[in-house]
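Structure record follows, encoded as structure tokens.
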Amino acid sequence: MNDKELHLWIDRLVEGDQEAFEVIYSLTKKSVYATVTMLIRNKEDVNDIVSEVYCQIFKSLPSFDRSRSFSYWLNGIVINQINNWRRQIWRRFRLWQKHDMLQERRPPELPDEFLIQSEGQQQLLGFIGKLPYKLRVVVLYKYYFDYNNEEIAELLQIPVGTVKSRNSLALKQLRQRFGTHLAKEVTLKNV
């Protein structure tokens, strides 16, 4: 997705061209779906959150600051909508019976083009999906989107030190889980 290409469509959308929104949607949907799918465990919620993201884009596009990257701005909207959704879930959690909400759910499947080829990478992806949300979101933005610590801190509205510590803790947990899993495989193959 090229920011210069998008600026033309943004201008058309602000002027009221509905086709421009369809073009912006088609250029961004893969990235948005992949990000939301990676951060939200309940597959049924992904489409609802993505819909909220695009509603917010439509409302906020006239105030888009063109001195910033569109992708970065878009990820800010995605994270805000995910956080809003998580707050709603928390409110429901307090109203519903605890055992209904605490049942373990399988992580959602990723869209076809984002599937990882090797089995080891798939296992690692599964381990990342099991990380707590606060760690998972830092890992996603750090290693998938290649944002630096300062950008992640600004996006998540947390201190840079918190980003660093969450990244460190996530990597430690992944090493423990992935390393233990690989050790079991080696032991089983030797038997």
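We label chains A, B, ... in the order they appear in the structure tokens, count residues from 1 in each chain, and number ligands from 1 in the order shown.
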Nearby residues (only C-alpha atoms) at most 10 Å from A:Val50, same-chain spacing under 2 positions excluded, as a PyMOL selection string: chain A and resi 29+32-33+35-37+45-48+52-56+78+81-82
Long-range neighbours of A:Glu15 as a PyMOL selection string, 12 Å cut-off, only C-alpha atoms, 6 positions minimum in chain: chain A and resi 8-9+21+58+61-62
Nearest residue to A:Phe145 from the set A:Arg12, A:Glu5, A:Glu22, A:Ser71 (distances using only C-alpha atoms): A:Ser71
Of the listed residues A:Ser69, A:Asn148, A:Ser63, A:Asn42, that which approaches A:Ile89 most closely, counting only C-alpha atoms: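 Checking each of A:Ser69, A:Asn148, A:Ser63, A:Asn42 against A:Ile89, counting only C-alpha atoms, the winner is A:Asn42.
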Distance of atom CA of A:Gly76 from atom CA of A:Leu156, expressed in Å to one decimal place: 7.9 Å
Exercise: A:Val137 partners within 9 Å, only C-alpha atoms, chain neighbours under 3 positions left out, as an MDAnalysis selection string: chainID A and resid 38:39 79 132:134 140:142 156
Top pick for closest residue to A:Gln176, considering A:Leu6, A:Ile77, A:Ile152, A:Leu131 and counting only C-alpha atoms: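 Using only C-alpha atoms, A:Gln176 sits closest to A:Leu131.
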